[in-house]
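structure05.pdb (PDB, C-alpha atoms, pLDDT in the B column)
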ATOM      1  CA  MET A 124     -23.318 -35.636 -97.067  1.00 53.00           C
ATOM      2  CA  ILE A 125     -26.644 -37.275 -97.898  1.00 61.00           C
ATOM      3  CA  GLU A 126     -28.653 -35.710-100.725  1.00 58.00           C
ATOM      4  CA  THR A 127     -32.322 -35.206-100.066  1.00 63.00           C
ATOM      5  CA  GLU A 128     -34.977 -36.018-102.708  1.00 65.00           C
ATOM      6  CA  LYS A 129     -35.414 -32.287-103.319  1.00 65.00           C
ATOM      7  CA  GLU A 130     -31.693 -31.832-104.010  1.00 68.00           C
ATOM      8  CA  LYS A 131     -31.683 -34.692-106.558  1.00 79.00           C
ATOM      9  CA  ARG A 132     -34.458 -33.172-108.650  1.00 89.00           C
ATOM     10  CA  THR A 133     -33.671 -31.202-111.797  1.00 92.00           C
ATOM     11  CA  LEU A 134     -35.884 -28.341-112.921  1.00 95.00           C
ATOM     12  CA  LYS A 135     -37.185 -28.819-116.473  1.00 95.00           C
ATOM     13  CA  TYR A 136     -39.406 -27.001-118.940  1.00 95.00           C
ATOM     14  CA  HIS A 137     -41.700 -28.015-121.758  1.00 95.00           C
ATOM     15  CA  LEU A 138     -42.254 -26.108-124.993  1.00 94.00           C
ATOM     16  CA  LYS A 139     -44.959 -27.030-127.502  1.00 95.00           C
ATOM     17  CA  LEU A 140     -45.147 -24.838-130.596  1.00 97.00           C
ATOM     18  CA  ARG A 141     -48.145 -24.560-132.881  1.00 97.00           C
ATOM     19  CA  VAL A 142     -48.639 -22.363-135.933  1.00 97.00           C
ATOM     20  CA  TYR A 143     -52.116 -21.428-137.104  1.00 97.00           C
ATOM     21  CA  TYR A 144     -54.502 -18.756-138.318  1.00 98.00           C
ATOM     22  CA  GLU A 145     -57.651 -19.472-136.306  1.00 97.00           C
ATOM     23  CA  GLU A 146     -57.458 -22.937-134.730  1.00 95.00           C
ATOM     24  CA  ARG A 147     -54.333 -24.464-133.157  1.00 95.00           C
ATOM     25  CA  ASN A 148     -54.265 -27.440-135.495  1.00 94.00           C
ATOM     26  CA  PHE A 149     -50.659 -27.575-136.711  1.00 97.00           C
ATOM     27  CA  GLY A 150     -48.152 -28.647-134.109  1.00 97.00           C
ATOM     28  CA  PRO A 151     -45.815 -31.458-133.120  1.00 96.00           C
ATOM     29  CA  GLY A 152     -48.343 -34.250-133.717  1.00 95.00           C
ATOM     30  CA  VAL A 153     -49.174 -33.214-137.271  1.00 97.00           C
ATOM     31  CA  ALA A 154     -45.477 -32.600-137.982  1.00 98.00           C
ATOM     32  CA  ASP A 155     -44.564 -36.083-136.705  1.00 97.00           C
ATOM     33  CA  LEU A 156     -47.274 -37.630-138.854  1.00 97.00           C
ATOM     34  CA  MET A 157     -46.058 -35.736-141.921  1.00 97.00           C
ATOM     35  CA  LYS A 158     -42.429 -36.727-141.311  1.00 97.00           C
ATOM     36  CA  LEU A 159     -43.411 -40.388-141.213  1.00 97.00           C
ATOM     37  CA  VAL A 160     -45.543 -40.054-144.348  1.00 96.00           C
ATOM     38  CA  ARG A 161     -42.540 -38.489-146.082  1.00 96.00           C
ATOM     39  CA  GLU A 162     -40.284 -41.353-144.938  1.00 96.00           C
ATOM     40  CA  ARG A 163     -42.714 -44.226-145.522  1.00 93.00           C
ATOM     41  CA  GLY A 164     -44.759 -42.968-148.473  1.00 92.00           C
ATOM     42  CA  SER A 165     -47.851 -44.186-146.706  1.00 92.00           C
ATOM     43  CA  LEU A 166     -50.313 -42.654-144.265  1.00 92.00           C
ATOM     44  CA  SER A 167     -51.285 -46.142-143.178  1.00 91.00           C
ATOM     45  CA  ALA A 168     -47.676 -47.017-142.287  1.00 93.00           C
ATOM     46  CA  ALA A 169     -47.269 -43.721-140.444  1.00 95.00           C
ATOM     47  CA  CYS A 170     -50.434 -44.409-138.451  1.00 95.00           C
ATOM     48  CA  GLN A 171     -49.224 -47.890-137.526  1.00 95.00           C
ATOM     49  CA  GLU A 172     -45.930 -46.518-136.267  1.00 95.00           C
ATOM     50  CA  LEU A 173     -47.693 -43.830-134.218  1.00 95.00           C
ATOM     51  CA  HIS A 174     -50.375 -46.255-132.992  1.00 96.00           C
ATOM     52  CA  MET A 175     -53.000 -43.911-134.418  1.00 96.00           C
ATOM     53  CA  ALA A 176     -56.238 -44.751-136.167  1.00 96.00           C
ATOM     54  CA  TYR A 177     -56.180 -43.980-139.889  1.00 93.00           C
ATOM     55  CA  SER A 178     -59.458 -42.045-139.541  1.00 94.00           C
ATOM     56  CA  LYS A 179     -57.979 -39.910-136.752  1.00 96.00           C
ATOM     57  CA  ALA A 180     -54.943 -39.098-138.893  1.00 95.00           C
ATOM     58  CA  TRP A 181     -57.112 -37.903-141.778  1.00 93.00           C
ATOM     59  CA  LYS A 182     -59.234 -35.895-139.344  1.00 96.00           C
ATOM     60  CA  ILE A 183     -56.284 -34.010-137.842  1.00 96.00           C
ATOM     61  CA  MET A 184     -54.733 -33.471-141.267  1.00 96.00           C
ATOM     62  CA  ASN A 185     -57.995 -32.107-142.659  1.00 96.00           C
ATOM     63  CA  LYS A 186     -58.340 -29.702-139.727  1.00 97.00           C
ATOM     64  CA  ALA A 187     -54.783 -28.442-140.217  1.00 97.00           C
ATOM     65  CA  GLU A 188     -55.316 -28.044-143.979  1.00 97.00           C
ATOM     66  CA  GLU A 189     -58.602 -26.227-143.428  1.00 97.00           C
ATOM     67  CA  ASP A 190     -56.960 -23.702-141.110  1.00 97.00           C
ATOM     68  CA  LEU A 191     -53.870 -23.228-143.277  1.00 98.00           C
ATOM     69  CA  GLY A 192     -55.813 -22.994-146.528  1.00 97.00           C
ATOM     70  CA  PHE A 193     -53.829 -25.531-148.555  1.00 97.00           C
ATOM     71  CA  SER A 194     -53.283 -29.284-148.845  1.00 97.00           C
ATOM     72  CA  LEU A 195     -50.430 -30.803-146.886  1.00 97.00           C
ATOM     73  CA  MET A 196     -50.702 -34.352-148.246  1.00 96.00           C
ATOM     74  CA  GLU A 197     -52.303 -36.182-151.101  1.00 93.00           C
ATOM     75  CA  GLY A 198     -53.211 -39.808-151.310  1.00 85.00           C
ATOM     76  CA  ARG A 199     -53.515 -42.141-154.257  1.00 76.00           C
ATOM     77  CA  ARG A 200     -55.535 -45.292-154.024  1.00 71.00           C
ATOM     78  CA  GLY A 201     -53.597 -48.304-155.151  1.00 66.00           C
ATOM     79  CA  GLY A 202     -54.167 -51.740-156.496  1.00 58.00           C
ATOM     80  CA  GLU A 203     -52.460 -54.877-155.247  1.00 61.00           C
ATOM     81  CA  ASN A 204     -49.848 -53.133-153.138  1.00 64.00           C
ATOM     82  CA  GLY A 205     -52.158 -50.463-151.719  1.00 68.00           C
ATOM     83  CA  GLY A 206     -52.076 -46.751-152.184  1.00 74.00           C
ATOM     84  CA  THR A 207     -49.475 -44.154-151.406  1.00 88.00           C
ATOM     85  CA  THR A 208     -49.557 -40.870-149.587  1.00 91.00           C
ATOM     86  CA  VAL A 209     -47.110 -38.079-150.300  1.00 93.00           C
ATOM     87  CA  LEU A 210     -46.662 -34.561-149.047  1.00 96.00           C
ATOM     88  CA  THR A 211     -47.674 -31.848-151.461  1.00 96.00           C
ATOM     89  CA  ALA A 212     -45.005 -29.350-152.498  1.00 97.00           C
ATOM     90  CA  GLU A 213     -46.604 -26.812-150.140  1.00 98.00           C
ATOM     91  CA  GLY A 214     -46.739 -29.448-147.415  1.00 98.00           C
ATOM     92  CA  GLU A 215     -43.023 -30.231-147.825  1.00 98.00           C
ATOM     93  CA  THR A 216     -42.101 -26.549-147.643  1.00 98.00           C
ATOM     94  CA  PHE A 217     -44.381 -25.863-144.703  1.00 98.00           C
ATOM     95  CA  LEU A 218     -43.096 -28.869-142.743  1.00 98.00           C
ATOM     96  CA  ASP A 219     -39.465 -27.898-143.370  1.00 98.00           C
ATOM     97  CA  ARG A 220     -40.139 -24.313-142.256  1.00 98.00           C
ATOM     98  CA  TYR A 221     -41.979 -25.505-139.138  1.00 98.00           C
ATOM     99  CA  LEU A 222     -39.164 -27.892-138.175  1.00 98.00           C
ATOM    100  CA  ALA A 223     -36.538 -25.168-138.637  1.00 98.00           C
ATOM    101  CA  PHE A 224     -38.665 -22.741-136.591  1.00 98.00           C
ATOM    102  CA  VAL A 225     -39.045 -25.284-133.767  1.00 98.00           C
ATOM    103  CA  GLU A 226     -35.320 -26.061-133.759  1.00 98.00           C
ATOM    104  CA  GLU A 227     -34.350 -22.384-133.473  1.00 98.00           C
ATOM    105  CA  ALA A 228     -37.079 -21.623-130.935  1.00 98.00           C
ATOM    106  CA  GLU A 229     -36.029 -24.553-128.733  1.00 97.00           C
ATOM    107  CA  ALA A 230     -32.409 -23.375-128.790  1.00 98.00           C
ATOM    108  CA  ALA A 231     -33.433 -19.831-127.839  1.00 98.00           C
ATOM    109  CA  VAL A 232     -35.762 -21.037-125.074  1.00 98.00           C
ATOM    110  CA  GLU A 233     -33.078 -23.341-123.667  1.00 97.00           C
ATOM    111  CA  GLU A 234     -30.703 -20.396-123.443  1.00 97.00           C
ATOM    112  CA  LEU A 235     -33.372 -18.308-121.685  1.00 97.00           C
ATOM    113  CA  PHE A 236     -34.242 -21.166-119.355  1.00 97.00           C
ATOM    114  CA  TYR A 237     -30.664 -21.444-118.098  1.00 96.00           C
ATOM    115  CA  LYS A 238     -30.412 -17.650-117.847  1.00 97.00           C
ATOM    116  CA  TYR A 239     -33.416 -17.516-115.512  1.00 97.00           C
ATOM    117  CA  PHE A 240     -32.977 -20.906-113.815  1.00 95.00           C
ATOM    118  CA  PRO A 241     -29.216 -21.494-113.603  1.00 91.00           C
ATOM    119  CA  GLY A 242     -27.843 -24.691-112.204  1.00 78.00           C
TER     120      GLY A 242
END
Would it be possible to restate this file's structure as structure tokens?
Amino acid sequence: MIETEKEKRTLKYHLKLRVYYEERNFGPGVADLMKLVRERGSLSAACQELHMAYSKAWKIMNKAEEDLGFSLMEGRRGGENGGTTVLTAEGETFLDRYLAFVEEAEAAVEELFYKYFPG
């Protein structure tokens, strides 16, 4: 039996979660940026890895912080070796909570997806 193109296709879904008060400024992009800052200790290094302009990164972080009402990161200008950027204590906690929320939500949505679209 020859499969048609339609039979080869697999139905998929896409879930993008954001948390916010007024403006949808904290989501996967900000979380990815924060994870890299946590790993690298540098906003500049995180931007390079994400192929993002440094100014854009600060802009999206500032928008997220403005909506949330607290600082997510703090930077320190450096000398010879450059500065560092670290997550604030609130930023660390918020990022961890967001990542746990996303993980649980994705698992629940996957279960629902297969319930309503089996096979």
Exercise. Between atom CA of Thr208 of chain A and atom CA of Ser165 of chain A, what is the spacing in Å?
Worked result: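 Computed distance, atom CA of Ser165 of chain A to atom CA of Thr208 of chain A, equals 4.7 Å.
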Exercise. Using all atoms listed in the file, which of A:Ala154, A:Leu195, A:Leu222, A:Leu166 sits nearest Lys179 of chain A?
Worked result: A:Leu166
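Between atom CA of Leu159 of chain A and atom CA of Glu172 of chain A lies a distance of 8.3 Å.
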For this session: Find, counting only C-alpha atoms, the residue in A:Phe236, A:Glu227, A:Tyr221, A:Asp155 that gets nearest to Met175 of chain A.
Result: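 Distance minimum relative to Met175 of chain A lands on A:Asp155.
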For this session: Grab the atom CA of Asp219 of chain A to atom CA of His174 of chain A distance for me, in Å with one decimal place.
Result: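 For atom CA of Asp219 of chain A relative to atom CA of His174 of chain A, the distance reads 23.7 Å.
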Exercise. Got a sec to check which residues sit within 10 Å of (-51.9, -33.1, -134.3), counting all atoms listed in the file, and write them as a list of chain:residue names?
Worked result: A:Arg141, A:Arg147, A:Asn148, A:Phe149, A:Gly150, A:Pro151, A:Gly152, A:Val153, A:Ala154, A:Asp155, A:Leu156, A:Met157, A:Lys179, A:Ala180, A:Lys182, A:Ile183, A:Met184, A:Lys186, A:Ala187
Exercise. Taking into account all atoms listed in the file, which residue in the set A:Tyr136, A:Tyr239, A:Ser167, A:Glu162 is nearest to Gly206 of chain A?
Worked result: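 Using all atoms listed in the file, the shortest distance to Gly206 of chain A belongs to A:Ser167.
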